[in-house]
Every structure is written in structure tokens, then in C-alpha cells.
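Following: one structure in C-alpha cells, then a few remarks.
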Amino acid sequence: THLFDWDEVNFAESAREMIVTGDFLSVQINFQPFWEKPPLFLWLQALSFMAFDSLSGQSDISMEFAARFPNAIIGIATLWSLYAIGKKTWGANFGNLWAFSYLVAITPHVYASSGIIDPLFNLLIFLGVYFFSEFFQDSTRFRNVIFAGISIGLALLTKGPAALLLWALTLLFMGILYRSRVNGRLFSGAIVAGLISVGFFVAWYGLIAYKFGWQIIEDFFTYQVRLMTTGDAGHGQPFYYHFIVLLIGCFPVSIWAGARLFRWKREDLDFSNWMKVLFWVVLILFSIVKTKIVHYSSMCWIPLTYFSALVLQEWQAGGFRFNWKYRTAIGIVGLILATVLTAVPLIGQNAGAIAPYIKDVFVQGNLQAPVYWAGWEFLIGATFAVVLIYYLFTQKLHTLMAASLVTIMAYMAIVVPKIEGYTQATVIDFYIAKLGQKVYIEPVGFKSYAQLLYFQKPAGSPAGDELLAAKKLDRPAYFIMKADAEDKFKYHPNLIFIKEENGFLFYKHR
């Protein structure tokens, strides 16, 4: 599947521009400073591109594989970390159950196969919390402070200040709940770890500010504040948004994990309380924040699967019973998912018949794309529904979890590429067809990074508005719009209409 616009393409393009310019210190997009994201994950992608030589067109390894490869490794590292920490905390069986819970949950698995920053970000924050929890238990082991500081410092270099905020709030609330155990050594440990982490961030941003000027620092923090206080990029959602995202996105483990998320034993100071505080800090904070996107609450995946493992271990020992309430919840949420998974291929197979009933002209055009369906793809969702019903009668929980895993993998391999065929493949195929030609390509009236990556736009190319307004150009220029573009773009005097294809309009400069 092509990388998805915006985020996947955005990060991969920034990594490509590092390679093209030879400037691995700066983060750029369209060869302009991009101050929204720090560089750590982009460095990993750049290394992957270079290792597989996937940008040259000479490699058998696709650019998409190389862009997503770091997260595959990070996914493996996450499973190993959960197993190792779980084994140390509650035994090898618990470690297995924790890793397995993370593996079969939908969104963690999908993101580990993506080119998105968050899996690395989440792992580093989790490790920062874990190492400091170890120091909280035994304040003589000061090396855990250093490990915590390094982990959060790397998280800051992955996605920014949210890492320090989540870590610090978790420590703050644990300190309030267990204030009788807080002493000067613990307080100084938190300060030292915080200073170590900030050191990573300040060192990189100091170099960037020296290179581009201090305005870039102001722009970065203005952007962070805007995300917190406004519904950025159309992502203003209701307060309960992330509750629903976690319930459905982490199915099936989200159903029974809640059995332990709402219990609190303040007299016990074990790792469960750290996970509980971390979960609620993340969920409440990002429910308050105005901008709401699926992966904003993704840090909840690790503590959520921790409590899944606790419940599963109790269930194995006979101490927990999946009563009718849990079975009903599993049945309702599972059948909703199965219905969606079944319906999507059926809609795709009948896209032409459905399109006239859709008012959005762009979506109407998308559904005209010539995507091949074998006709049996709906069986993936239907089979999952059958397994779900089988579970409801037999209560074979591991069968349900294994079926979830197989369903995710099959859907990503078989159905997602076809969905992408409707949404963006038409325009990306156009960019790829022009690769290496001496032309300009720009989108008009909508935001996209795909033309930068898939056309491999060279440095120094004029901006889109300059090309559109120019009377003469040194090479042909192509412009892509969506079918619902404004008339001022569609009927621009400098443009000649070429074709309309699957919801996209293609123009050429006169």
C-alpha cells in the first residue's frame, strides 16, 4: 500500500529530504524548515531508506517497506519490553499475556505496521515511567534515574514536549497519592531525570535556533499551544472521543481491561498503580485537549494491555469470571466491528451503484476508481463474526484473541490496499508516472505531501502559487485538484483542463 497522506507521507518525505540535502540536523518539508516534529524517528527512516537503497529505484525493497520498517522493529522491541518487564513484575506467564494482549489489539498492531511516529514515542515514555517506578521502589539504584531521563529525552526528540508533560504528570500524581513515601532523594531524582531529558531537547533545538534563528522556537511552541487549545486541521471532537477510540481500537482486550482500571488499592504500591495513573493522565489530558486524533491517546495502549494481562492471569487461575456483562460487551462491540469489516468490501464491490446516492462529488469520483475485488473479501469480516459467536457459546477466549490477530493481518494485506485504491492511488500513480521527468507538479486547493515524495520533488522548485501565477515557465507544469475545488482554481486563466479521473481534476499550465 502507498504511504498514506498526510502523516505517513509527511514523515517519509522529511526523511527523504534529509538524504537529498545531506542535512540530518534539520527537519524540512518541501525543503523548508518544519518545526512541528523533532528528528529522531525521521533519522530512523532515513537510515532505513539508505540501508535498503529504496529511494533510488534500483532496489527490490519498496519505499513503503523501508518507511515502515523502523516501526516493525519498534513493534518487536515493544513486545519484548512488555514481556521482559511483565516477567520481572509478575512472572513469565504474565509477560506472555501482556505481549499477546498488545499484539492482538487492533490499533497497536496497525500502527506497528505504519510509518507513524507514535509507536516509538509511546515505548520511550513507557520506559521512562518504568525506570522511575523502579527508582521509587528502591531509591538506592540511582542508575534508574539516568535511564528514565534518557528515555524521556529521546521521547522529546521523537515528538516533543508532550513526553515530558505526560511523564511529569504521572510522577506528580503518584507523588501526591504516596506522599508519605516521598523524600528528598526521590524529589532530587525526578529533578535530575527531568534535567537529563530536557538536555537532549535543548541541545537539538539550540543547534536549530543557531542555524535558523530563535523565531523557530517560538513557532514550535505556538504550534504546541494551538494543538492544545483549538481543534486543529478539522480534528475537533467531543470529550468522550478517546474513550470510544480505545474501546473499539483495542478490541477485544479493552473490554476486560476495564475490570481493573477502575479499581484502586492505595495501600499497595506496585507497578499496577503506575500503569493506572499513566493511563488516566493520558486519557483525561487528551480528552481535554481540543485537537483529537486517534493516535493522541495511543500511550494508553500499553497500560490498557497491562490490565488485560492482569485479568487474563486471574482468569487462568480461576479468580476472574467472564460474566454476562463482559460477554455482552464483547458481543456488541465485536459484532459492530465484524459488520464494518464485512460491509466495506461489499460497498467496494458495489461502488458504482452506491456512488449516485452520495452527495459529495469528490467521494463520488473516488468510488469510480477501477479497483479489482475478487468477491470473497467480505469473508474476512464474516469469518470473524462466526468466531465471535463461537466464543460467546464456548468462552474460548484465546481463540477469539487469535482470530482478532489473523483478521487484522488479513485485512491489512488484502482490503486496505483496495481502500487506498479509491482514496489516493489515482493521484499517486500520476506522480509516479512523472518521476524523473523535467516537469513541475503541484496540488491546488487541498493540502498534500504526496507529490513531494512520490514525484521526488527536487530542491529549489518554485512554490505552487508562483507556478500558478506565472505567465511563462521553463518546463511543463501540472496541477491536481479535487472535484469539489473552488471555481477560482478550476477556471484559472493560466490552466488548461486535461482530464477528470476518480474524483481528481488534472490541469496543465498554458
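Following the order of the C-alpha cells, chains are lettered A, B, ..., residues in each are numbered from 1, and ligands are numbered from 1.
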
Can you tell me which residues surround stretch 293-301 of chain A at a distance of at most 8 Å, considering only C-alpha atoms, apart from same-chain residues fewer than 5 positions away, and format the answer as a PyMOL selection string?
chain A and resi 102+108+118+122+126+235+242+245-246+250+278-279+282-283+286

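The gap separating atom CA of A:Phe322 from atom CA of A:Ala105 is 18.5 Å, in Å to one decimal.
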
If we count only C-alpha atoms, what is near A:Met174 at a cut-off of 9 Å, once residues fewer than 6 positions away on the same chain are taken out, given as JSON, numbers by chain?
{"A": [273, 274, 277]}

Export N, CA and C atoms of the chosen residues as a CSV table (one decimal), in the first residue's frame?
```csv
chain,number,residue,atom,x,y,z
A,273,ASN,N,-0.3,0.4,39.9
A,273,ASN,CA,-0.7,1.8,40.2
A,273,ASN,C,0.0,2.8,39.3
A,274,TRP,N,1.2,2.6,38.9
A,274,TRP,CA,1.9,3.4,37.9
A,274,TRP,C,1.2,3.3,36.6
A,277,VAL,N,-2.2,5.2,36.8
A,277,VAL,CA,-2.1,6.7,36.8
A,277,VAL,C,-1.7,7.1,35.4
```

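The nearest approach to A:Glu17 among the residues A:Tyr440, A:Thr1, A:Phe100, A:Trp43, with only C-alpha atoms taken into account, belongs to A:Trp43.
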
A:Ala193 environment, 7 Å, only C-alpha atoms, sequence neighbours closer than 2 positions dropped, as number ranges by chain
A: 145-146, 148-149, 189-191, 195-197

Saved selection, atoms kept: N, CA and C atoms, as an mmCIF file, in the first residue's frame:
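And here's out.cif as it stands now:
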```
data_model
loop_
_atom_site.group_PDB
_atom_site.id
_atom_site.type_symbol
_atom_site.label_atom_id
_atom_site.label_comp_id
_atom_site.auth_asym_id
_atom_site.auth_seq_id
_atom_site.Cartn_x
_atom_site.Cartn_y
_atom_site.Cartn_z
ATOM 1 N N VAL A 145 17.329 6.498 37.500
ATOM 2 C CA VAL A 145 17.057 7.912 37.220
ATOM 3 C C VAL A 145 17.667 8.300 35.880
ATOM 4 N N ILE A 146 18.883 7.847 35.651
ATOM 5 C CA ILE A 146 19.576 8.165 34.393
ATOM 6 C C ILE A 146 18.843 7.518 33.216
ATOM 7 N N ALA A 148 15.700 6.699 33.091
ATOM 8 C CA ALA A 148 14.428 7.404 32.906
ATOM 9 C C ALA A 148 14.648 8.709 32.154
ATOM 10 N N GLY A 149 15.680 9.445 32.535
ATOM 11 C CA GLY A 149 15.976 10.716 31.880
ATOM 12 C C GLY A 149 16.322 10.541 30.408
ATOM 13 N N GLY A 189 15.825 12.956 42.467
ATOM 14 C CA GLY A 189 15.899 12.028 41.339
ATOM 15 C C GLY A 189 15.016 12.476 40.192
ATOM 16 N N ALA A 190 13.799 12.937 40.526
ATOM 17 C CA ALA A 190 12.892 13.425 39.492
ATOM 18 C C ALA A 190 13.469 14.653 38.794
ATOM 19 N N ILE A 191 14.086 15.547 39.584
ATOM 20 C CA ILE A 191 14.688 16.754 39.005
ATOM 21 C C ILE A 191 15.841 16.376 38.070
ATOM 22 N N LEU A 195 16.063 17.041 34.094
ATOM 23 C CA LEU A 195 17.137 17.844 33.501
ATOM 24 C C LEU A 195 17.864 17.073 32.404
ATOM 25 N N ILE A 196 18.079 15.781 32.631
ATOM 26 C CA ILE A 196 18.715 14.955 31.591
ATOM 27 C C ILE A 196 17.858 14.955 30.331
ATOM 28 N N SER A 197 16.543 14.754 30.517
ATOM 29 C CA SER A 197 15.649 14.694 29.356
ATOM 30 C C SER A 197 15.613 16.026 28.626
#
```

A:Gly348, A:Gly86, A:Gly421, A:Gly464: which is nearest A:Thr305, counting only C-alpha atoms?
A:Gly86

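Of the residues under consideration (A:Ile85, A:Val129, A:Leu495, A:Leu452), A:Leu452 shows the shortest atom-to-atom contact distance to A:Ser14 when counting only C-alpha atoms.
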
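Here the question is which of A:Gln32, A:Asn71, A:Ser56, A:Gln364 gets nearest to A:Leu44 using only C-alpha atoms, and that residue is A:Asn71.
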
Among stretch 112-238 of chain A, which residues carry a DSSP assignment of helix (DSSP H, G or I), reported as a PyMOL selection string?
chain A and resi 118-137+143-159+162-177+179-181+184-212+215-229+232-234

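If only C-alpha atoms are the atoms counted, then among A:Ile441, A:Ile408, A:Leu310, A:Ala450 the closest residue to A:Ala12 is A:Ala450.
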
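Taking only C-alpha atoms into account, A:Thr383 lies nearest to A:Leu337 out of the set A:Leu473, A:Val371, A:Leu337, A:Val363.
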
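Put simply, atom CA of A:Ala469 is 19.4 Å away from atom CA of A:Lys438.
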
Please compute the atom CA of A:Ala410-atom CA of A:Gly381 distance, one decimal, in Å.
9.9 Å

Which residues are near A:Phe136? Cut-off 9 Å, only C-alpha atoms, ignore same chain within fewer than 6 positions. Put them as an MDAnalysis selection string.
chainID A and resid 181:182 186

Could those selected residues go to a file with N, CA, C and O atoms, as an mmCIF file, in the first residue's frame?
```cif
data_model
loop_
_atom_site.group_PDB
_atom_site.id
_atom_site.type_symbol
_atom_site.label_atom_id
_atom_site.label_comp_id
_atom_site.auth_asym_id
_atom_site.auth_seq_id
_atom_site.Cartn_x
_atom_site.Cartn_y
_atom_site.Cartn_z
ATOM 1 N N ARG A 181 5.717 8.543 51.221
ATOM 2 C CA ARG A 181 6.947 7.858 50.810
ATOM 3 C C ARG A 181 7.907 8.770 50.070
ATOM 4 O O ARG A 181 9.031 8.387 49.777
ATOM 5 N N VAL A 182 7.441 9.970 49.746
ATOM 6 C CA VAL A 182 8.297 10.898 49.004
ATOM 7 C C VAL A 182 9.311 11.516 49.950
ATOM 8 O O VAL A 182 8.970 12.012 51.021
ATOM 9 N N LEU A 186 14.020 11.067 46.350
ATOM 10 C CA LEU A 186 13.092 10.850 45.239
ATOM 11 C C LEU A 186 12.848 12.153 44.486
ATOM 12 O O LEU A 186 12.793 12.175 43.247
#
```

Selection: 12 Å around A:Pro476, only C-alpha atoms, excl. self and same-chain fewer than 6 positions, as a PyMOL selection string
chain A and resi 434+437-442+467-468+470+495-496+507-510

Output of the above residues as a compact mmCIF listing (two decimals), in the first residue's frame, restricted to N, CA, C and O atoms:
```txt
# COMPACT_ATOMS: atom_id res chain seq x y z
N LYS A 434 5.26 10.53 -13.56
CA LYS A 434 6.06 11.71 -13.95
C LYS A 434 7.44 11.72 -13.31
O LYS A 434 8.24 12.63 -13.57
N GLN A 437 10.89 13.02 -14.87
CA GLN A 437 10.66 13.94 -15.99
C GLN A 437 10.91 15.38 -15.54
O GLN A 437 10.76 15.73 -14.37
N LYS A 438 11.27 16.21 -16.49
CA LYS A 438 11.56 17.62 -16.20
C LYS A 438 10.25 18.41 -16.24
O LYS A 438 9.94 19.10 -17.22
N VAL A 439 9.47 18.26 -15.20
CA VAL A 439 8.17 18.94 -15.08
C VAL A 439 7.99 19.41 -13.65
O VAL A 439 8.75 19.04 -12.74
N TYR A 440 6.98 20.24 -13.46
CA TYR A 440 6.54 20.64 -12.12
C TYR A 440 5.18 19.99 -11.86
O TYR A 440 4.38 19.83 -12.77
N ILE A 441 4.94 19.63 -10.60
CA ILE A 441 3.64 19.09 -10.20
C ILE A 441 3.25 19.72 -8.87
O ILE A 441 4.04 19.70 -7.92
N GLU A 442 2.03 20.23 -8.77
CA GLU A 442 1.55 20.83 -7.54
C GLU A 442 0.07 20.55 -7.33
O GLU A 442 -0.71 20.59 -8.30
N LEU A 467 4.01 29.11 -9.49
CA LEU A 467 3.81 28.42 -10.76
C LEU A 467 2.44 28.76 -11.37
O LEU A 467 2.31 28.98 -12.57
N LEU A 468 1.44 28.81 -10.50
CA LEU A 468 0.08 29.05 -10.97
C LEU A 468 -0.05 30.45 -11.57
O LEU A 468 -0.74 30.66 -12.58
N ALA A 470 2.47 32.33 -12.80
CA ALA A 470 3.48 32.66 -13.82
C ALA A 470 2.88 32.65 -15.22
O ALA A 470 2.01 31.85 -15.55
N LEU A 495 -4.62 27.92 -16.77
CA LEU A 495 -4.69 26.46 -16.76
C LEU A 495 -5.54 25.91 -17.90
O LEU A 495 -6.55 26.50 -18.28
N ILE A 496 -5.09 24.77 -18.41
CA ILE A 496 -5.83 24.02 -19.42
C ILE A 496 -6.26 22.70 -18.79
O ILE A 496 -5.44 21.96 -18.24
N TYR A 507 -4.83 19.38 -14.58
CA TYR A 507 -4.66 20.55 -15.42
C TYR A 507 -3.19 20.68 -15.83
O TYR A 507 -2.30 20.15 -15.16
N LYS A 508 -2.98 21.45 -16.91
CA LYS A 508 -1.63 21.77 -17.35
C LYS A 508 -1.53 23.28 -17.55
O LYS A 508 -2.48 23.92 -18.00
N HIS A 509 -0.39 23.85 -17.20
CA HIS A 509 -0.17 25.29 -17.37
C HIS A 509 -0.11 25.63 -18.88
O HIS A 509 0.48 24.88 -19.66
N ARG A 510 -0.72 26.74 -19.27
CA ARG A 510 -0.73 27.12 -20.67
C ARG A 510 0.68 27.34 -21.21
O ARG A 510 0.91 27.17 -22.42
```

For A:Pro443, please output as a list in words all residues within 10 Å (counting only C-alpha atoms; exclusion window: fewer than 4 positions along the same chain).
Val427, Lys447, Ser448, Tyr449, Ala450, Gln451, Gly464, Asp465, Tyr478, Phe479, Ile480, Met481, Lys482, Leu505 and Phe506 of chain A

Filtering to N, CA and C atoms, could you give me those residues as a PDB file, in the first residue's frame?
```pdb
ATOM      1  N   VAL A 427      -4.046   9.640  -7.861  1.00  0.00           N
ATOM      2  CA  VAL A 427      -3.150  10.791  -7.942  1.00  0.00           C
ATOM      3  C   VAL A 427      -1.701  10.381  -7.680  1.00  0.00           C
ATOM      4  N   LYS A 447      -4.464  20.293   0.778  1.00  0.00           N
ATOM      5  CA  LYS A 447      -3.134  20.080   1.343  1.00  0.00           C
ATOM      6  C   LYS A 447      -2.695  18.644   1.113  1.00  0.00           C
ATOM      7  N   SER A 448      -1.481  18.486   0.640  1.00  0.00           N
ATOM      8  CA  SER A 448      -0.945  17.149   0.394  1.00  0.00           C
ATOM      9  C   SER A 448       0.575  17.203   0.440  1.00  0.00           C
ATOM     10  N   TYR A 449       1.164  16.082   0.844  1.00  0.00           N
ATOM     11  CA  TYR A 449       2.619  15.913   0.769  1.00  0.00           C
ATOM     12  C   TYR A 449       3.006  14.847  -0.250  1.00  0.00           C
ATOM     13  N   ALA A 450       1.998  14.181  -0.831  1.00  0.00           N
ATOM     14  CA  ALA A 450       2.271  13.019  -1.676  1.00  0.00           C
ATOM     15  C   ALA A 450       3.095  13.376  -2.901  1.00  0.00           C
ATOM     16  N   GLN A 451       2.847  14.570  -3.479  1.00  0.00           N
ATOM     17  CA  GLN A 451       3.590  14.942  -4.681  1.00  0.00           C
ATOM     18  C   GLN A 451       5.077  15.140  -4.372  1.00  0.00           C
ATOM     19  N   GLY A 464       3.937  26.412  -5.429  1.00  0.00           N
ATOM     20  CA  GLY A 464       2.759  26.193  -6.246  1.00  0.00           C
ATOM     21  C   GLY A 464       2.076  27.471  -6.672  1.00  0.00           C
ATOM     22  N   ASP A 465       1.938  28.449  -5.763  1.00  0.00           N
ATOM     23  CA  ASP A 465       1.256  29.692  -6.136  1.00  0.00           C
ATOM     24  C   ASP A 465       2.060  30.485  -7.148  1.00  0.00           C
ATOM     25  N   TYR A 478       2.072  20.709 -14.086  1.00  0.00           N
ATOM     26  CA  TYR A 478       0.790  20.038 -13.916  1.00  0.00           C
ATOM     27  C   TYR A 478       0.203  20.397 -12.555  1.00  0.00           C
ATOM     28  N   PHE A 479      -1.100  20.543 -12.515  1.00  0.00           N
ATOM     29  CA  PHE A 479      -1.800  20.906 -11.287  1.00  0.00           C
ATOM     30  C   PHE A 479      -2.945  19.921 -11.062  1.00  0.00           C
ATOM     31  N   ILE A 480      -3.072  19.470  -9.808  1.00  0.00           N
ATOM     32  CA  ILE A 480      -4.105  18.497  -9.458  1.00  0.00           C
ATOM     33  C   ILE A 480      -5.059  19.127  -8.462  1.00  0.00           C
ATOM     34  N   MET A 481      -6.337  18.975  -8.714  1.00  0.00           N
ATOM     35  CA  MET A 481      -7.375  19.459  -7.801  1.00  0.00           C
ATOM     36  C   MET A 481      -8.343  18.319  -7.498  1.00  0.00           C
ATOM     37  N   LYS A 482      -9.116  18.508  -6.453  1.00  0.00           N
ATOM     38  CA  LYS A 482     -10.222  17.608  -6.183  1.00  0.00           C
ATOM     39  C   LYS A 482     -11.450  18.087  -6.941  1.00  0.00           C
ATOM     40  N   LEU A 505      -9.076  16.224 -10.606  1.00  0.00           N
ATOM     41  CA  LEU A 505      -9.019  17.012 -11.836  1.00  0.00           C
ATOM     42  C   LEU A 505      -7.556  17.296 -12.162  1.00  0.00           C
ATOM     43  N   PHE A 506      -7.175  17.091 -13.404  1.00  0.00           N
ATOM     44  CA  PHE A 506      -5.791  17.287 -13.822  1.00  0.00           C
ATOM     45  C   PHE A 506      -5.720  18.425 -14.837  1.00  0.00           C
TER      46      PHE A 506
END
```
